[in-house]
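First up is the structure itself, then whatever we jot down about it.
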Amino acid sequence: MSATKQIHLGAHFPGVNNTTVWSDPAAGSQTDFASFVHFAQNAERGLMDFVFLAEGLRLREHRGRIHDLDVVGRPDTFTVLAALAAVTSRVGLAGTINTTYNEPYELASQFASLDHLSAGRAAWNMVTTSDAFTGENFRRGGFLPREQRYERAAEVVAVTRALWDSNGAEVEHHGPHFDVRGTFPLSPSPQGHPVLIQAGDSAQGRDFAAATADAIFTLHGTLEAGQAFYADVKGRLPQHGRSADDLKVLPGVTFVLGDTDAEAQDEAVRIRRQQVSPQTAIAFLEQVWGRELSEYDPDGPLPDVEPDVDNVSITRGRVRHARDPRAVAQEWRDFAAAHGGLSIREVVIEKTGRQSFIGSARTVAARMDEFVQRDACDGFILVPHLTPGGLDRFVAEVVPELQDRGSYRTEYPGPTLRDHLGLRHPHAPLTRKESA
Amino acid sequence: MSPFTEARMHLAVELTAAGRHPAAARWARLDPAVLLSAPHHAGLVRTAARRGLDLALFPHTFHPDGGPLLDAVALAARLAPVVPGIGIAPTATVTHTEPFHVSKSIATLDIVSSGRAGWEPAVSRTQAEADLFGRKPAAAPAQLWREAADAIEVVVRLWDSWEDDAVIRDVATGRYVDRDKLHPIDFEGEFFSVKGPSITPRPPQGHPLVVLRADEEEALPVAARWADVVRISAPDLADAAHARDRIRGVVAAAGRDPDEITVLLDVEVHLAADRARARRDLAELDALSGAALPASSVRVLGPPTDLADLIGTAVSTRAADGVTLVPLALPPTSTSWPTRSSRCSPGAGCCAPAGQAVRCAPGSGCAVRSTTTRQG
Ligand SMILES: Cc1cc2nc3c(=O)[nH]c(=O)nc-3n(C[C@H](O)[C@H](O)[C@H](O)COP(=O)(O)O)c2cc1C
């Protein structure tokens, strides 16, 4: 085997879905700046590549009302990242910003400002969500046809890059989505271009990432699925004149640590029960079945009624990973039967969001390393379940194990996020390391 | 009774990277890269905070002649955690931007500053600015300010779209929020519609301060309805007094108590050891840029005592409730900014320019609201 691949780590601030356990006594504020400071400083202590903030531009709804069982609401991404630049010095600052409900000139200014103000640590997770539900909060309103989402995103990137590179010269762009003309008020920022991350899984999304992104945020959790995805997206790079190193594959993963593997397994079960409260179990059920099922007992059996396949909009404002609900319902019933008649809540606990890595620090480090060395990914975006301390134990215990394995840095390689990720400066043909 | 007893006085400062004068950076021999660096700006705000100023304003424009301009909200957020005490209010333009984004960004500035945020909504007038967005043509002031009024309304209503105690974390019922305390705003106006509620909980102050410039006729009704702080510029104190009276009149006509708003007069300043020196500096600045910079408002070129005198007179003659210092060149003069009088006890809301005692009744509202309201 060649030299040990180095693992990249992002730290996802706990978000607005049921992965985040708000009911735990150790769970702190989702809004106070102190929570973000704790989280980011700990990521930096763990020499992680970046802190990552997700964003959705409309509160999620379930059955026509605001979904109240998970964390609801969060501060503005740009503003939090700019403030975090003040209390950290090395860790990257990655923000999820929508390409449909923002305009390229303003985005270029905001990201270049963040990159200047953080001395080269800005990253942009470009998401393309464009449902009419979210659009109701914005001037453009309405809805962008699915096939145009990535077309618009690509044009947003083209315009923002032209502005970042303009160095005072006038930029003129005319395209299907934008007509932009004028000068940009900022000189090139330390990274030239902020690091671009793409999150989206369709063939279009993968192509967009292969053509434009520096990193891709995926959900492929198993080794085999990861390897297939990795081969697929890396295989798309040459046709865009890019090499395998130019795009990092970073799946979002969860983890549970214990003093022993057995203890971690117990802890994982406990956390899953917190993540799937009785009420949340029913909400998940309703999501699959597409109908109201509030009379069902979460500790009783799955419903006999069939899913309402036409009711696809029972939940709104969240990322959907569409599968035929009847197939899912059947799979759940078979699963319940095969395990001696599991209850609704038990099935939901088992079939949704099991943790990716469970074990002692040594076990988790070995397994993560295996994923990276066997080309299932280039690293991970860690999604802890607790705010703000969800990374503490990982940093204290897993990071040293990874370092002992020779697959994780013992110091930051340079000042900028591009340095951490081993990415070229957009205007330099070679990274420092390559040219050294 | 001293005429000052009732007087409230507020001191704000407008912080551009190098000062208002277009040649300021070159004159001070500032490296252009420094103007975009956070430590430089932090130094400026720290000086203002140390001198006891109430409020730092961060201008922003999309106009291409605006010079090297960082996004003002991002800049303010970068500085808020490292400079305690002072109120922080960036400009956010509302003509080509999304009210939904502006609302959550200012709410979040309030969060990261622990309740010290304000904002200055501004309009974008020119075709050059419109061309940067390509969404709509430039518009006349009447339309721009009608749209600004709608945008401010949306921003404020989104702040209110979460009740303060909406987050309940009720383990027994599994509910994180009480959704009856989250409200859509269902705003539909001439220029846009916004559904709501905000994705960001209500900020610590509830309503971060709204600062509005009301030099223009069309801006008056907007200020009357929404402003906490009104900025004016005037060639002299008599004109300022006239403008202040007018503003208080329209505020009262809009059904608000004029004493609840603060009128701040822009004062362009260049402080030096003496007047001759200050005038010489300005001549150098003008020579560098190739043209004399016309004064945008009252101008003080001289020693700090001149500034103190002007501020004292402005307040005692009710020409203004305080001033916004607009330094022509920073940072060289920042060391001679005015200071709150040491004779006033902290928290009494009393401030005075260097060397001049101004007595104010405790709690008379000298401190900006952001430092006195509840932190939620
Ligand atoms: C791992 C992952 C994370 C995502 N995070 C967000 C997010 O924080 N906010 C958002 O609006 N969309 C998010 N998305 C949605 C994507 O931007 C995209 O809209 C969605 O995946 C559909 O695109 P696709 O058809 O290419 O998969 C995420 C998607 C993935 C796969």
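Chain labels follow the order of the structure tokens: the first chain is A, the next B, and so on; residue numbering restarts at 1 in every chain, and ligands are counted from 1 in their shown order.
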Could you write out, as number ranges by chain, all the residues of region 107-206 of chain B that DSSP marks as helix (DSSP H, G or I)?
B: 107-112, 127-133, 141-159, 179-181
Once you count only C-alpha atoms, which residues of chain B turn out to be within 7 Å of chain A? Could you give them as a CSV table (one decimal) with C-alpha atoms, in the first residue's frame?
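What landed in selection-v7.csv:
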```
chain,number,residue,atom,x,y,z
B,36,LEU,CA,-9.6,44.4,4.5
B,37,SER,CA,-8.2,42.7,7.6
B,38,ALA,CA,-10.1,42.1,10.7
B,64,PRO,CA,-18.9,50.8,-7.3
B,67,GLY,CA,-14.0,51.8,-2.4
B,68,PRO,CA,-12.9,48.5,-1.0
B,69,LEU,CA,-15.9,47.5,1.0
B,70,LEU,CA,-16.3,44.4,3.1
B,71,ASP,CA,-19.8,43.2,3.7
B,74,ALA,CA,-20.1,40.2,8.2
B,77,ALA,CA,-20.2,40.1,13.3
B,78,ARG,CA,-16.5,39.6,13.1
B,79,LEU,CA,-15.9,42.5,15.5
B,81,PRO,CA,-17.3,39.1,19.9
B,82,VAL,CA,-14.0,40.8,20.5
B,98,GLU,CA,-33.8,39.7,0.4
B,100,PHE,CA,-35.8,37.4,4.8
B,104,LYS,CA,-32.1,36.8,10.3
B,105,SER,CA,-28.6,38.3,9.8
B,108,THR,CA,-28.0,36.9,14.5
B,109,LEU,CA,-25.7,39.9,14.9
B,111,ILE,CA,-27.2,37.1,19.2
B,112,VAL,CA,-23.4,37.2,18.7
B,128,ALA,CA,-24.9,50.9,-11.8
B,131,ASP,CA,-26.8,46.2,-13.0
B,132,LEU,CA,-24.9,44.2,-10.4
B,133,PHE,CA,-28.1,42.3,-9.7
B,134,GLY,CA,-29.9,42.6,-13.1
B,169,ARG,CA,-38.0,21.7,25.3
B,171,VAL,CA,-39.6,16.2,27.2
B,174,GLY,CA,-41.6,15.5,23.0
B,175,ARG,CA,-42.0,19.0,21.8
B,176,TYR,CA,-39.0,21.3,21.3
B,177,VAL,CA,-41.1,24.4,20.5
B,178,ASP,CA,-44.6,25.5,21.2
B,179,ARG,CA,-45.6,26.0,17.6
B,192,PHE,CA,-42.6,41.2,-2.7
B,193,SER,CA,-44.4,38.8,-0.4
B,194,VAL,CA,-42.9,36.9,2.5
B,195,LYS,CA,-44.5,34.1,4.3
B,196,GLY,CA,-42.5,33.6,7.5
B,199,ILE,CA,-35.9,30.6,10.7
B,200,THR,CA,-34.1,32.4,13.5
B,201,PRO,CA,-35.5,32.8,17.0
```
I need the residues of region 9-180 of chain B that end up classed as strand (DSSP E) by DSSP on the backbone, written out as JSON, numbers by chain.
{"B": [10, 11, 12, 13, 14, 55, 56, 57, 58, 87, 88, 89, 90, 91, 92, 93, 118, 119, 120, 121, 122, 167, 168, 169, 170, 175, 176, 177]}
Grab the CA of His101 (chain B) to atom 29 (C, counted along the ligand's line) of ligand 1 distance for me, in Å with one decimal place.
20.7 Å
Could you list the protein, DNA and RNA residues that have any atom within 10 Å of ligand 1, counting only C-alpha atoms and all ligand atoms, and write them as a ChimeraX atom specification?
/A:12,15-16,52-58,95-100,125-131,134,146-147,149-150,198-209,216-220,250-253,317-321,381
Taking only C-alpha atoms into account, which of A:Lys248, A:His8, A:His193, A:Lys351 comes nearest Ala162 (chain A)?
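Closest to Ala162 (chain A) of all the choices is A:His193.
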Show me, as a PyMOL selection string, the residues that have an atom within 9 Å of region 85-93 of chain B when counting only C-alpha atoms, minus same-chain residues fewer than 3 positions from it.
chain B and resi 12+45-46+48-50+52-62+71-77+79-80+96-97+102+106+109-110+113+115-124+148+208-211+368-371
Could you please determine the separation between CA of Pro258 (chain B) and CA of Asp160 (chain B) in Å, to one decimal place?
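CA of Asp160 (chain B) lies 23.1 Å from CA of Pro258 (chain B).
Around Ile261 (chain B), within 7 Å and counting only C-alpha atoms, the residues found are Ala227, Asp228 and Val229 of chain B, once anything fewer than 5 positions away on its own chain is removed.
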All residues 7 Å or closer to Pro301 (chain A), only C-alpha atoms, same chain fewer than 2 positions away omitted, as a VMD selection string
chain A and resid 299 303 342 to 344
With C-alpha atoms retained, write the just-selected residues as an mmCIF file, in the first residue's frame.
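See out.cif below for the written result:
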```cif
data_model
loop_
_atom_site.group_PDB
_atom_site.id
_atom_site.type_symbol
_atom_site.label_atom_id
_atom_site.label_comp_id
_atom_site.auth_asym_id
_atom_site.auth_seq_id
_atom_site.Cartn_x
_atom_site.Cartn_y
_atom_site.Cartn_z
ATOM 1 C CA ASP A 299 -45.286 0.749 21.466
ATOM 2 C CA PRO A 303 -50.463 -0.146 10.938
ATOM 3 C CA LEU A 342 -41.155 -5.143 16.966
ATOM 4 C CA SER A 343 -43.209 -2.111 17.935
ATOM 5 C CA ILE A 344 -43.552 1.003 15.787
#
```
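For Ala26 (chain A), the non-local neighbours within 10 Å, defined as residues at least 2 positions apart in the same chain or in other chains and counting only C-alpha atoms, are Val21, Trp22, Ser23, Asp24, Gly28, Leu386, Thr387, Pro388, Gly389 and Gly390 of chain A.
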Between CA of Leu282 (chain B) and CA of His242 (chain B), what is the spacing in Å?
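Separation between CA of His242 (chain B) and CA of Leu282 (chain B): 28.9 Å.
Using only C-alpha atoms, the nearest neighbour of Asp150 (chain B) within the list B:Leu271, B:Val222, B:Val13, B:Ala25 is B:Val222.
Nearest residue to Thr254 (chain A), choosing from A:Val157, A:Ile7, A:Ala327, A:Leu391 and counting only C-alpha atoms: A:Leu391.
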Who sits within 12 Å of Gly414 (chain A), only C-alpha atoms, same chain under 4 positions skipped, as a list in words
Leu47, Asp49, Ser89, Arg90, Val91, Gly92, Ala119, Gly120, Arg121, Gln191, Arg409, Arg418, Asp419, His420, Leu421, Gly422, Leu423, Thr431, Arg432 and Lys433 of chain A
